[in-house]
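Trainee: For reference, this is coords27.tsv, and it has TSV, C-alpha atoms.
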```tsv
chain	number	residue	atom	x	y	z
A	1	MET	CA	-65.30	-23.80	24.60
A	2	ASP	CA	-68.45	-21.85	25.51
A	3	ASN	CA	-68.25	-19.48	28.47
A	4	GLU	CA	-64.47	-19.67	28.51
A	5	ILE	CA	-62.21	-16.74	27.79
A	6	GLN	CA	-58.49	-17.13	27.16
A	7	LEU	CA	-56.33	-14.14	28.06
A	8	ILE	CA	-52.81	-13.19	26.97
A	9	SER	CA	-51.10	-10.07	28.28
A	10	ASP	CA	-47.62	-8.59	28.14
A	11	GLY	CA	-48.47	-5.85	30.63
A	12	ASP	CA	-49.16	-3.24	27.95
A	13	GLU	CA	-51.60	-5.11	25.72
A	14	LEU	CA	-54.27	-7.74	26.21
A	15	ALA	CA	-55.57	-10.37	23.81
A	16	VAL	CA	-58.97	-11.88	24.57
A	17	ILE	CA	-59.74	-15.14	22.75
A	18	GLY	CA	-62.87	-17.25	22.81
A	19	ASN	CA	-66.40	-17.59	21.52
A	20	PRO	CA	-67.30	-14.24	19.88
A	21	THR	CA	-70.29	-13.72	22.18
A	22	ASP	CA	-68.29	-14.47	25.32
A	23	VAL	CA	-65.40	-12.26	24.18
A	24	GLU	CA	-67.76	-9.35	23.64
A	25	ARG	CA	-69.48	-9.91	26.98
A	26	PHE	CA	-66.14	-9.93	28.79
A	27	LEU	CA	-64.95	-6.75	27.10
A	28	VAL	CA	-68.23	-5.00	27.87
A	29	SER	CA	-68.01	-6.03	31.53
A	30	GLU	CA	-64.51	-4.55	31.77
A	31	GLY	CA	-65.34	-1.40	29.80
A	32	LEU	CA	-62.88	-2.33	27.06
A	33	LEU	CA	-65.07	-3.10	24.06
A	34	SER	CA	-64.80	0.36	22.47
A	35	LEU	CA	-61.00	0.24	22.88
A	36	SER	CA	-60.58	-3.17	21.24
A	37	GLU	CA	-59.89	-4.25	17.68
A	38	ASP	CA	-59.75	-7.53	15.81
A	39	LEU	CA	-56.70	-9.59	16.73
A	40	GLY	CA	-56.62	-11.38	13.36
A	41	LEU	CA	-56.40	-14.99	14.53
A	42	GLN	CA	-56.73	-16.21	10.94
A	43	ARG	CA	-53.16	-14.98	10.33
A	44	LEU	CA	-51.86	-17.77	12.58
A	45	GLY	CA	-52.16	-20.30	9.77
A	46	PRO	CA	-48.39	-20.31	9.00
A	47	VAL	CA	-47.50	-21.32	12.55
A	48	LEU	CA	-49.38	-24.60	12.18
A	49	SER	CA	-46.66	-26.91	10.90
A	50	ALA	CA	-47.42	-30.46	9.90
A	51	GLY	CA	-47.90	-32.85	12.77
A	52	ALA	CA	-50.30	-34.16	15.36
A	53	GLY	CA	-52.87	-31.71	16.60
A	54	VAL	CA	-52.72	-29.42	13.57
A	55	ALA	CA	-56.30	-30.08	12.54
A	56	ARG	CA	-57.56	-29.54	16.10
A	57	ALA	CA	-55.64	-26.27	16.48
A	58	GLY	CA	-56.84	-25.08	13.08
A	59	SER	CA	-60.46	-25.80	13.94
A	60	GLU	CA	-60.11	-23.96	17.25
A	61	ILE	CA	-58.68	-20.92	15.51
A	62	ALA	CA	-61.60	-20.95	13.08
A	63	ALA	CA	-64.15	-21.27	15.88
A	64	ASN	CA	-62.77	-18.54	18.10
A	65	SER	CA	-62.70	-14.78	17.98
A	66	GLY	CA	-59.80	-12.65	19.17
A	67	ARG	CA	-59.75	-9.00	20.23
A	68	TRP	CA	-56.74	-6.84	21.07
A	69	VAL	CA	-56.72	-4.01	23.61
A	70	LYS	CA	-54.05	-1.42	24.38
A	71	LEU	CA	-54.20	-1.25	28.15
A	72	THR	CA	-54.29	1.99	30.07
A	73	GLU	CA	-52.85	2.24	33.57
A	74	GLU	CA	-56.35	1.79	35.01
A	75	SER	CA	-57.34	-1.17	32.84
A	76	ALA	CA	-53.98	-2.86	33.43
A	77	GLN	CA	-54.67	-2.75	37.17
A	78	ALA	CA	-58.15	-4.14	36.58
A	79	ILE	CA	-56.77	-7.11	34.64
A	80	LYS	CA	-54.47	-8.00	37.54
A	81	LYS	CA	-57.49	-9.11	39.54
A	82	PHE	CA	-57.71	-12.20	37.33
A	83	GLY	CA	-54.35	-13.47	38.58
A	84	LEU	CA	-52.80	-14.37	35.25
A	85	ARG	CA	-49.74	-16.61	35.40
A	86	GLU	CA	-46.58	-14.99	34.01
A	87	SER	CA	-43.91	-16.90	32.09
A	88	SER	CA	-40.33	-15.73	32.65
A	89	LYS	CA	-39.38	-17.23	29.28
A	90	THR	CA	-41.88	-15.34	27.12
A	91	GLY	CA	-42.74	-12.40	29.38
A	92	LEU	CA	-46.41	-13.16	28.77
A	93	SER	CA	-49.15	-13.65	31.34
A	94	THR	CA	-51.88	-16.13	30.45
A	95	GLY	CA	-54.96	-17.65	31.97
A	96	VAL	CA	-58.51	-18.81	31.37
A	97	ILE	CA	-61.62	-17.24	32.83
A	98	LYS	CA	-64.56	-19.59	33.05
A	99	GLY	CA	-68.00	-18.08	33.23
A	100	ASN	CA	-71.06	-19.25	35.08
A	101	LYS	CA	-74.35	-19.60	33.27
A	102	GLY	CA	-73.19	-17.53	30.35
A	103	GLN	CA	-71.68	-14.80	32.50
A	104	ILE	CA	-67.92	-14.37	32.30
A	105	GLY	CA	-66.27	-14.05	35.67
A	106	GLY	CA	-65.66	-16.09	38.76
A	107	PHE	CA	-62.13	-17.38	38.77
A	108	VAL	CA	-59.00	-17.98	36.72
A	109	GLU	CA	-57.91	-21.50	35.94
A	110	ILE	CA	-54.36	-21.97	34.68
A	111	VAL	CA	-54.52	-23.99	31.48
A	112	LYS	CA	-53.33	-27.58	31.80
A	113	GLY	CA	-55.45	-29.60	29.43
A	114	PRO	CA	-54.90	-30.10	25.68
A	115	GLY	CA	-58.04	-28.30	24.59
A	116	SER	CA	-56.84	-24.71	24.83
A	117	LEU	CA	-55.01	-22.68	22.24
A	118	LEU	CA	-52.72	-21.40	24.98
A	119	THR	CA	-51.21	-24.86	25.48
A	120	ASN	CA	-49.86	-24.80	21.90
A	121	PRO	CA	-46.50	-22.94	22.06
A	122	ALA	CA	-46.61	-22.09	18.37
A	123	ILE	CA	-50.10	-20.61	18.58
A	124	LEU	CA	-49.19	-18.65	21.72
A	125	ALA	CA	-46.04	-17.29	20.07
A	126	GLY	CA	-48.03	-16.37	16.98
A	127	ALA	CA	-50.70	-14.56	18.99
A	128	ALA	CA	-48.02	-12.67	20.93
A	129	GLY	CA	-46.34	-11.70	17.64
A	130	ILE	CA	-49.58	-10.29	16.27
A	131	MET	CA	-50.12	-8.40	19.54
A	132	ALA	CA	-46.68	-6.81	19.13
A	133	GLN	CA	-47.56	-5.79	15.58
A	134	LEU	CA	-50.82	-4.19	16.65
A	135	ALA	CA	-48.99	-2.32	19.42
A	136	ARG	CA	-46.52	-0.93	16.86
A	137	GLN	CA	-49.31	0.09	14.51
A	138	HIS	CA	-51.18	1.80	17.35
A	139	GLU	CA	-48.02	3.73	18.24
A	140	MET	CA	-47.43	4.64	14.59
A	141	ASN	CA	-50.90	6.14	14.35
A	142	GLU	CA	-50.33	8.21	17.48
A	143	ILE	CA	-46.99	9.46	16.15
A	144	LYS	CA	-48.63	10.43	12.86
A	145	ASP	CA	-51.26	12.38	14.80
A	146	TYR	CA	-48.49	14.12	16.75
A	147	LEU	CA	-46.59	15.04	13.58
A	148	ALA	CA	-49.80	16.39	12.04
A	149	THR	CA	-50.32	18.78	14.96
A	150	ILE	CA	-46.88	20.38	15.03
A	151	ASP	CA	-45.87	23.16	12.68
A	152	LYS	CA	-42.97	21.22	11.20
A	153	LYS	CA	-42.89	19.22	7.97
A	154	VAL	CA	-40.47	16.39	8.68
A	155	ASP	CA	-39.23	16.00	5.11
A	156	ASP	CA	-38.55	19.76	4.93
A	157	VAL	CA	-36.60	19.56	8.18
A	158	LEU	CA	-34.54	16.65	6.85
A	159	ARG	CA	-33.79	18.41	3.57
A	160	ALA	CA	-32.67	21.56	5.39
A	161	GLN	CA	-29.95	19.78	7.36
A	162	LYS	CA	-26.36	19.88	6.14
A	163	ASN	CA	-25.91	16.20	6.99
A	164	ALA	CA	-26.56	14.51	3.65
A	165	GLU	CA	-27.21	11.14	5.31
A	166	LEU	CA	-30.43	12.49	6.79
A	167	ALA	CA	-31.95	12.90	3.36
A	168	LYS	CA	-31.85	9.10	3.04
A	169	VAL	CA	-34.58	8.90	5.67
A	170	ILE	CA	-36.99	10.34	3.10
A	171	GLY	CA	-36.21	7.52	0.67
A	172	ALA	CA	-36.43	4.95	3.46
A	173	GLY	CA	-39.87	6.25	4.33
A	174	LEU	CA	-41.05	5.82	0.75
A	175	ASP	CA	-39.78	2.23	0.60
A	176	ILE	CA	-41.35	1.35	3.94
A	177	LYS	CA	-44.67	2.93	2.98
A	178	SER	CA	-44.68	0.87	-0.23
A	179	ALA	CA	-43.96	-2.34	1.70
A	180	MET	CA	-46.76	-1.61	4.17
A	181	THR	CA	-49.15	-1.10	1.25
A	182	VAL	CA	-48.18	-4.48	-0.21
A	183	ARG	CA	-48.72	-6.05	3.20
A	184	GLU	CA	-52.20	-4.54	3.50
A	185	GLN	CA	-53.22	-5.70	0.04
A	186	THR	CA	-51.74	-9.22	0.13
A	187	GLY	CA	-51.87	-10.02	3.84
A	188	ARG	CA	-48.22	-11.04	3.96
A	189	VAL	CA	-44.63	-9.86	3.50
A	190	ASP	CA	-42.88	-11.94	0.86
A	191	GLU	CA	-39.13	-12.13	0.34
A	192	THR	CA	-39.12	-9.55	-2.44
A	193	THR	CA	-41.01	-6.98	-0.38
A	194	TRP	CA	-38.82	-7.57	2.66
A	195	SER	CA	-35.63	-7.17	0.62
A	196	THR	CA	-36.58	-3.58	-0.23
A	197	VAL	CA	-36.68	-2.45	3.40
A	198	GLN	CA	-34.47	-4.70	5.51
A	199	GLY	CA	-31.36	-2.60	4.81
A	200	ARG	CA	-33.11	0.64	5.76
A	201	THR	CA	-32.74	0.09	9.50
A	202	HIS	CA	-29.24	1.60	9.55
A	203	THR	CA	-30.49	4.74	7.82
A	204	ILE	CA	-33.12	5.21	10.50
A	205	THR	CA	-30.90	4.43	13.48
A	206	ASP	CA	-28.18	6.75	12.14
A	207	ALA	CA	-30.68	9.61	11.83
A	208	LEU	CA	-32.05	8.92	15.31
A	209	GLY	CA	-28.53	8.93	16.74
A	210	TRP	CA	-27.77	12.22	14.98
A	211	ALA	CA	-30.87	13.89	16.43
A	212	LEU	CA	-29.99	12.73	19.93
A	213	LEU	CA	-26.46	14.13	19.57
A	214	GLN	CA	-27.93	17.45	18.46
A	215	LEU	CA	-30.12	17.56	21.57
A	216	ASP	CA	-27.06	16.89	23.73
A	217	ALA	CA	-25.10	19.64	21.97
A	218	LEU	CA	-27.99	22.05	22.49
A	219	ALA	CA	-28.04	21.22	26.20
A	220	GLU	CA	-24.33	22.05	26.43
A	221	ARG	CA	-24.83	25.36	24.63
A	222	VAL	CA	-27.64	26.32	26.99
A	223	GLU	CA	-25.50	25.43	30.01
A	224	SER	CA	-22.65	27.65	28.78
A	225	LYS	CA	-24.77	30.82	28.71
A	226	THR	CA	-24.81	33.01	31.82
A	227	LYS	CA	-25.56	36.50	30.47
A	228	ILE	CA	-29.24	37.29	30.30
A	229	GLY	CA	-29.05	38.51	26.70
A	230	ASP	CA	-27.33	35.33	25.59
A	231	LEU	CA	-29.86	33.23	27.49
A	232	ALA	CA	-32.76	35.01	25.85
A	233	LYS	CA	-31.34	34.47	22.37
A	234	MET	CA	-30.52	30.82	23.04
A	235	ALA	CA	-33.90	30.06	24.60
A	236	LYS	CA	-35.73	31.59	21.65
A	237	GLU	CA	-33.63	29.63	19.14
A	238	ALA	CA	-34.17	26.45	21.14
A	239	GLU	CA	-37.94	26.68	20.68
A	240	SER	CA	-37.60	26.07	16.94
A	241	GLU	CA	-34.56	23.79	17.05
A	242	VAL	CA	-36.01	21.41	19.63
A	243	ARG	CA	-39.27	21.05	17.70
A	244	GLU	CA	-37.34	20.18	14.55
A	245	LEU	CA	-35.22	17.58	16.31
A	246	LEU	CA	-38.25	16.05	18.02
A	247	ALA	CA	-39.98	15.78	14.65
A	248	VAL	CA	-36.98	13.85	13.27
A	249	LEU	CA	-36.96	11.54	16.31
A	250	ALA	CA	-40.70	10.91	16.01
A	251	ARG	CA	-40.39	10.09	12.31
A	252	CYS	CA	-37.51	7.69	13.00
A	253	PHE	CA	-39.51	5.95	15.72
A	254	GLU	CA	-42.52	5.66	13.41
A	255	LEU	CA	-40.45	4.14	10.60
A	256	GLN	CA	-38.72	1.70	12.96
A	257	ASP	CA	-42.12	0.59	14.24
A	258	ALA	CA	-43.17	-0.08	10.64
A	259	ILE	CA	-40.03	-2.12	9.99
A	260	ASP	CA	-40.77	-4.14	13.15
A	261	VAL	CA	-44.27	-4.89	11.84
A	262	LEU	CA	-42.86	-6.02	8.50
A	263	ARG	CA	-40.11	-8.09	10.14
A	264	LEU	CA	-42.57	-9.95	12.38
A	265	ASP	CA	-44.77	-10.69	9.37
A	266	ARG	CA	-41.79	-11.98	7.42
A	267	VAL	CA	-40.72	-14.26	10.28
A	268	LEU	CA	-44.31	-15.43	10.77
A	269	ASP	CA	-44.41	-16.40	7.10
A	270	ALA	CA	-40.90	-17.85	6.66
A	271	SER	CA	-39.69	-19.06	10.08
A	272	PRO	CA	-42.63	-19.19	12.51
A	273	ASP	CA	-40.63	-21.24	15.03
A	274	GLU	CA	-38.33	-18.20	15.47
A	275	LEU	CA	-41.16	-15.72	16.01
A	276	ASP	CA	-40.95	-15.56	19.80
A	277	GLY	CA	-37.23	-14.84	19.77
A	278	HIS	CA	-37.63	-12.05	17.22
A	279	ARG	CA	-40.53	-10.54	19.18
A	280	LEU	CA	-38.52	-10.40	22.40
A	281	ALA	CA	-35.47	-8.96	20.63
A	282	LEU	CA	-37.52	-6.25	18.93
A	283	ASN	CA	-39.24	-5.38	22.20
A	284	ALA	CA	-35.87	-4.98	23.92
A	285	ASP	CA	-34.59	-2.83	21.07
A	286	ARG	CA	-37.68	-0.62	21.18
A	287	GLN	CA	-37.35	-0.16	24.94
A	288	ASP	CA	-33.71	0.80	24.50
A	289	ARG	CA	-34.69	3.49	21.97
A	290	ARG	CA	-37.27	4.89	24.35
A	291	GLU	CA	-34.78	5.01	27.23
A	292	ARG	CA	-32.14	6.77	25.10
A	293	ILE	CA	-34.65	9.38	24.00
A	294	SER	CA	-35.91	9.83	27.56
A	295	ARG	CA	-32.39	10.35	28.91
A	296	GLU	CA	-31.50	12.99	26.32
A	297	THR	CA	-34.73	14.96	26.61
A	298	GLU	CA	-34.58	14.90	30.41
A	299	HIS	CA	-30.96	16.06	30.28
A	300	LEU	CA	-31.92	18.90	27.95
A	301	MET	CA	-34.82	20.06	30.11
A	302	ALA	CA	-32.66	19.94	33.25
A	303	ARG	CA	-30.23	22.36	31.55
A	304	MET	CA	-33.10	24.51	30.29
A	305	ASP	CA	-34.71	24.68	33.73
A	306	ALA	CA	-31.36	25.66	35.24
A	307	ALA	CA	-31.19	28.47	32.67
A	308	ALA	CA	-34.68	29.58	33.73
A	309	GLY	CA	-33.40	29.75	37.30
A	310	THR	CA	-30.53	31.97	36.15
A	311	ALA	CA	-32.99	34.24	34.33
A	312	ASN	CA	-35.23	34.45	37.39
A	313	SER	CA	-32.23	35.57	39.44
A	314	LYS	CA	-31.83	38.62	37.18
A	315	VAL	CA	-35.41	39.91	37.27
A	316	LEU	CA	-34.66	43.24	38.97
A	317	LEU	CA	-32.52	44.61	36.16
A	318	HIS	CA	-33.94	42.52	33.28
A	319	SER	CA	-37.60	41.94	34.08
A	320	THR	CA	-38.93	41.69	30.53
A	321	THR	CA	-36.02	39.63	29.23
A	322	SER	CA	-36.19	37.25	32.19
A	323	ARG	CA	-39.87	36.60	31.60
A	324	ALA	CA	-39.16	35.95	27.92
A	325	VAL	CA	-36.50	33.36	28.80
A	326	VAL	CA	-38.82	31.47	31.18
A	327	GLY	CA	-41.64	31.62	28.60
A	328	SER	CA	-39.44	30.14	25.87
A	329	ILE	CA	-38.23	27.38	28.16
A	330	ASN	CA	-41.77	26.49	29.20
A	331	ARG	CA	-42.77	26.24	25.54
A	332	VAL	CA	-39.84	23.89	24.95
A	333	GLY	CA	-41.03	21.80	27.91
A	334	ILE	CA	-44.55	21.59	26.47
A	335	ALA	CA	-43.11	20.49	23.11
A	336	VAL	CA	-41.11	17.73	24.83
A	337	ASP	CA	-44.19	16.54	26.76
A	338	ASP	CA	-46.24	16.44	23.55
A	339	PHE	CA	-43.49	14.39	21.92
A	340	HIS	CA	-43.23	11.96	24.84
A	341	ARG	CA	-46.94	11.17	24.89
A	342	PRO	CA	-47.28	8.96	21.78
A	343	LEU	CA	-44.10	7.09	22.77
A	344	GLY	CA	-45.49	6.26	26.20
A	345	ILE	CA	-42.66	8.10	27.97
A	346	GLU	CA	-43.57	9.55	31.36
A	347	PHE	CA	-41.82	12.79	32.21
A	348	GLY	CA	-44.01	14.84	34.55
A	349	ARG	CA	-42.26	18.20	34.23
A	350	HIS	CA	-44.20	21.17	35.59
A	351	SER	CA	-44.09	24.57	33.93
A	352	LEU	CA	-41.94	27.13	35.71
A	353	GLU	CA	-43.14	30.51	36.92
A	354	ALA	CA	-41.28	33.70	36.16
A	355	THR	CA	-40.28	35.51	39.35
A	356	ARG	CA	-42.28	38.72	39.82
A	357	TRP	CA	-40.31	41.94	40.10
A	358	TRP	CA	-41.84	42.93	43.42
A	359	ASP	CA	-41.09	39.50	44.89
A	360	ALA	CA	-37.48	39.83	43.78
A	361	ALA	CA	-37.31	43.33	45.26
A	362	ARG	CA	-38.00	41.87	48.71
A	363	ASP	CA	-35.33	39.20	48.33
A	364	PRO	CA	-32.00	40.31	49.86
A	365	GLY	CA	-30.11	37.91	47.61
A	366	GLN	CA	-31.74	39.33	44.48
A	367	LEU	CA	-31.03	42.91	45.65
A	368	LYS	CA	-27.40	42.07	46.31
A	369	ASN	CA	-26.94	40.40	42.92
A	370	ALA	CA	-28.68	43.25	41.11
A	371	ALA	CA	-26.54	45.83	42.88
A	372	ALA	CA	-23.38	43.95	41.99
A	373	GLU	CA	-24.41	43.71	38.35
A	374	ALA	CA	-25.37	47.37	38.21
A	375	GLY	CA	-22.01	48.22	39.71
A	376	ARG	CA	-20.23	46.27	37.00
A	377	ILE	CA	-22.23	48.12	34.38
A	378	ALA	CA	-21.20	51.43	35.95
A	379	LEU	CA	-17.55	50.44	35.79
A	380	VAL	CA	-17.73	50.05	32.03
A	381	GLY	CA	-19.36	53.44	31.54
A	382	ALA	CA	-23.04	52.62	31.71
A	383	GLY	CA	-23.54	55.01	34.64
A	384	VAL	CA	-24.95	54.54	38.10
A	385	ALA	CA	-28.40	55.94	37.44
A	386	GLY	CA	-29.85	52.47	37.11
A	387	LEU	CA	-28.46	51.44	40.49
A	388	GLY	CA	-29.88	54.53	42.20
A	389	ALA	CA	-33.25	54.05	40.60
A	390	LEU	CA	-33.20	50.41	41.66
A	391	GLY	CA	-32.59	51.41	45.29
A	392	VAL	CA	-35.51	53.84	45.25
A	393	LEU	CA	-37.83	51.31	43.65
A	394	ALA	CA	-36.82	48.58	46.06
A	395	LYS	CA	-37.33	50.93	49.03
A	396	ASN	CA	-40.76	51.96	47.85
A	397	ALA	CA	-41.76	48.37	47.16
A	398	THR	CA	-40.73	47.40	50.68
A	399	LYS	CA	-42.76	50.24	52.19
A	400	ARG	CA	-45.84	49.15	50.21
A	401	GLY	CA	-45.35	45.56	51.38
A	402	GLU	CA	-45.26	44.24	47.82
```
Using the file provided, produce a representation of the structure as structure tokens.
Mentor:
Amino acid sequence: MDNEIQLISDGDELAVIGNPTDVERFLVSEGLLSLSEDLGLQRLGPVLSAGAGVARAGSEIAANSGRWVKLTEESAQAIKKFGLRESSKTGLSTGVIKGNKGQIGGFVEIVKGPGSLLTNPAILAGAAGIMAQLARQHEMNEIKDYLATIDKKVDDVLRAQKNAELAKVIGAGLDIKSAMTVREQTGRVDETTWSTVQGRTHTITDALGWALLQLDALAERVESKTKIGDLAKMAKEAESEVRELLAVLARCFELQDAIDVLRLDRVLDASPDELDGHRLALNADRQDRRERISRETEHLMARMDAAAGTANSKVLLHSTTSRAVVGSINRVGIAVDDFHRPLGIEFGRHSLEATRWWDAARDPGQLKNAAAEAGRIALVGAGVAGLGALGVLAKNATKRGE
């Protein structure tokens, strides 16, 4: 229908369906046109099973245009003003915006009549399935960009590990890449293509689980270090180790996204009536992966930040080493933030500051701890010169008001 826009949203993405001119006008008015891409409504052909209304639905698909948008936090809030109606069954919000004199806007009318694509459950499920695929592909591209910016070649990292099972991820990646190429060239995922990748999920999930266990083990090793020299060595090693593990996790997430795209295409082609159930299951599985990764990385950074606190408490006797520890830990934190970004994980960690020597010298607690440590050093034959020098320096710093 002219001057009528049909909207579908799952909170993270938005599909805009209608007359091509009206769709473009709506996206321009909301500042979303440059962020949109073709939804690919023509791919909904398989969901039109034989029966009444098939011809009408097919003609509507042919007459309409669809655009997909990955919503930002700001644009998601803007879409809320249209008051879309959410379904607890599908998790989708839908509605129709009717324009006035060719201008889209005004009000939202919940679809009740038979003329809209949104009243056809099969078409709605198919559109939602395609939206999920586009979301996965968008995420895959962002992960690829992330992997291209870090100084780690994922396949080299996988080959270097002693766990032989990890090497299978390389082969899985080759099979999945081949299947995605077939999909791009033929527009579908046939049974033969799907059979080459469907068993690869276990390879990917096993590798992801291994990387998460390694992050947990690293967190425990960091927590066990209390001596400044040990902390410095561990923090420096963690810079490289964490980046390698994050690269493995990113690659696993990318490959699982690709398998999800292929699975949805296969279901769309072979069992379209099951598409909605598969979409919801895959969304839940993806969210679970994100939460597991978020928990492990947050746990690691909590242990790393605690280690930075320990280093900052030893500034008076180990100024240079303490600064090195805090610097390494901040670089690990930046690496984790960079990894979180393409996965849409919010973390919000702030870089830590190394305690300045003169600030520590005015802190009674720091002076007491430094004196106690210097005393222990003296007991094992290191001498008391360092303690005496510390007292003079602290006294002078106090006089200068530093």
Trainee: Figure out the distance between CA of Ala127 (chain A) and CA of Val23 (chain A), please, to one decimal in Å.
Mentor: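 Straight-line distance from CA of Val23 (chain A) to CA of Ala127 (chain A) works out to 15.8 Å.
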Trainee: At what distance in Å, to one decimal, does CA of Leu174 (chain A) lie from CA of Arg263 (chain A)?
Mentor: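 Computing it gives 16.8 Å between the two atoms.
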Trainee: Interatomic distance between CA of Pro20 (chain A) and CA of Asn3 (chain A)?
Mentor: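 The value is 10.1 Å.
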Trainee: Determine, counting all atoms listed in the file, which protein, DNA and RNA residues have an atom within 12 Å of an atom of Ala78 (chain A); residues of the same chain fewer than 4 positions away are not included. Present the result as a list of chain:residue names.
Mentor: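 Here the answer would be A:Gly11, A:Leu14, A:Leu27, A:Ser29, A:Glu30, A:Gly31, A:Leu32, A:Leu71, A:Thr72, A:Glu73, A:Glu74, A:Phe82, A:Gly83, A:Leu84.
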Trainee: Any chance you can output those residues with C-alpha atoms as a PDB file, in the coordinates of the input?
Mentor:
```pdb
ATOM      1  CA  GLY A  11     -48.470  -5.850  30.630  1.00  0.00           C
ATOM      2  CA  LEU A  14     -54.270  -7.740  26.210  1.00  0.00           C
ATOM      3  CA  LEU A  27     -64.950  -6.750  27.100  1.00  0.00           C
ATOM      4  CA  SER A  29     -68.010  -6.030  31.530  1.00  0.00           C
ATOM      5  CA  GLU A  30     -64.510  -4.550  31.770  1.00  0.00           C
ATOM      6  CA  GLY A  31     -65.340  -1.400  29.800  1.00  0.00           C
ATOM      7  CA  LEU A  32     -62.880  -2.330  27.060  1.00  0.00           C
ATOM      8  CA  LEU A  71     -54.200  -1.250  28.150  1.00  0.00           C
ATOM      9  CA  THR A  72     -54.290   1.990  30.070  1.00  0.00           C
ATOM     10  CA  GLU A  73     -52.850   2.240  33.570  1.00  0.00           C
ATOM     11  CA  GLU A  74     -56.350   1.790  35.010  1.00  0.00           C
ATOM     12  CA  PHE A  82     -57.710 -12.200  37.330  1.00  0.00           C
ATOM     13  CA  GLY A  83     -54.350 -13.470  38.580  1.00  0.00           C
ATOM     14  CA  LEU A  84     -52.800 -14.370  35.250  1.00  0.00           C
TER      15      LEU A  84
END
```
Trainee: Measuring between only C-alpha atoms, which one of A:Val261, A:Ala135, A:Ile170, A:Leu35 shows the shortest distance to Lys153 (chain A)?
Mentor: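 With only C-alpha atoms as the atom set, the closest residue is A:Ile170.
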Trainee: Which residues are close to region 332-345 of chain A, i.e. within 6 Å by only C-alpha atoms, leaving aside same-chain residues fewer than 5 positions away? Reply as an MDAnalysis selection string.
Mentor: chainID A and resid 142:143 239
Trainee: Give me, as a PDB file with C-alpha atoms, in the frame of the given file, all polymer residues having an atom no more than 12 Å from region 85-91 of chain A, counting all atoms listed in the file and skipping those fewer than 6 positions away in the same chain.
Mentor:
```
ATOM      1  CA  LEU A   7     -56.330 -14.140  28.060  1.00  0.00           C
ATOM      2  CA  ILE A   8     -52.810 -13.190  26.970  1.00  0.00           C
ATOM      3  CA  SER A   9     -51.100 -10.070  28.280  1.00  0.00           C
ATOM      4  CA  ASP A  10     -47.620  -8.590  28.140  1.00  0.00           C
ATOM      5  CA  GLY A  11     -48.470  -5.850  30.630  1.00  0.00           C
ATOM      6  CA  ASP A  12     -49.160  -3.240  27.950  1.00  0.00           C
ATOM      7  CA  ILE A  79     -56.770  -7.110  34.640  1.00  0.00           C
ATOM      8  CA  VAL A 108     -59.000 -17.980  36.720  1.00  0.00           C
ATOM      9  CA  GLU A 109     -57.910 -21.500  35.940  1.00  0.00           C
ATOM     10  CA  ILE A 110     -54.360 -21.970  34.680  1.00  0.00           C
ATOM     11  CA  VAL A 111     -54.520 -23.990  31.480  1.00  0.00           C
ATOM     12  CA  LEU A 118     -52.720 -21.400  24.980  1.00  0.00           C
ATOM     13  CA  PRO A 121     -46.500 -22.940  22.060  1.00  0.00           C
ATOM     14  CA  LEU A 124     -49.190 -18.650  21.720  1.00  0.00           C
ATOM     15  CA  ALA A 125     -46.040 -17.290  20.070  1.00  0.00           C
ATOM     16  CA  GLY A 126     -48.030 -16.370  16.980  1.00  0.00           C
ATOM     17  CA  ALA A 128     -48.020 -12.670  20.930  1.00  0.00           C
ATOM     18  CA  GLY A 129     -46.340 -11.700  17.640  1.00  0.00           C
ATOM     19  CA  LEU A 275     -41.160 -15.720  16.010  1.00  0.00           C
ATOM     20  CA  ASP A 276     -40.950 -15.560  19.800  1.00  0.00           C
ATOM     21  CA  GLY A 277     -37.230 -14.840  19.770  1.00  0.00           C
ATOM     22  CA  HIS A 278     -37.630 -12.050  17.220  1.00  0.00           C
ATOM     23  CA  ARG A 279     -40.530 -10.540  19.180  1.00  0.00           C
ATOM     24  CA  LEU A 280     -38.520 -10.400  22.400  1.00  0.00           C
ATOM     25  CA  ALA A 281     -35.470  -8.960  20.630  1.00  0.00           C
ATOM     26  CA  ASN A 283     -39.240  -5.380  22.200  1.00  0.00           C
ATOM     27  CA  ALA A 284     -35.870  -4.980  23.920  1.00  0.00           C
TER      28      ALA A 284
END
```
Trainee: Return the single residue from A:Ala247, A:Thr205, A:Ala235, A:Ser34 that is closest to Asp288 (chain A), with distances computed using only C-alpha atoms.
Mentor: A:Thr205
Trainee: Give the answer as one residue: which of A:Ala302, A:Leu268, A:Ala172, A:Val242 has the shortest atom-to-atom distance to Thr196 (chain A), using only C-alpha atoms?
Mentor: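 Among the listed residues, the smallest separation from Thr196 (chain A) belongs to A:Ala172.
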Trainee: Quick one: residues within 7 Å of Trp68 (chain A), all atoms listed in the file counted, chain neighbours fewer than 6 positions away excluded, as a list in words?
Mentor: Leu14, Ala15, Val16, Ser36, Glu37, Asp38, Leu39 and Met131 of chain A
Trainee: Under the rule that all atoms listed in the file are counted, which of A:Gln185, A:Gln77, A:Thr193, A:Thr201 is the nearest residue to Gly173 (chain A)?
Mentor: A:Thr201
Trainee: Hey, which of A:Lys168, A:Lys314, A:Lys144, A:Arg25 ends up closest to Asp206 (chain A)? Count only C-alpha atoms.
Mentor: A:Lys168
Trainee: Please provide as an NGL selection string all residues within 7 Å of Leu231 (chain A), with the sequence filter that same-chain residues fewer than 5 positions apart are discarded (counting all atoms listed in the file).
Mentor: :A and (225-226 or 325)
Trainee: So that each row is one residue of region 236-282 of chain A with an atom at most 8 Å from region 209-215 of chain A, can you give its shortest atom pair and the distance in Å to one decimal, using all atoms listed in the file, rows by chain and rising number, as a Markdown table?
Mentor:
```
| residue | atom | partner | partner_atom | distance |
| --- | --- | --- | --- | --- |
| A:Val242 | CA | A:Leu215 | CA | 7.3 |
| A:Leu245 | CA | A:Ala211 | CA | 5.7 |
| A:Leu246 | CA | A:Ala211 | CA | 7.9 |
| A:Val248 | CA | A:Ala211 | CA | 6.9 |
| A:Leu249 | CA | A:Ala211 | CA | 6.5 |
```
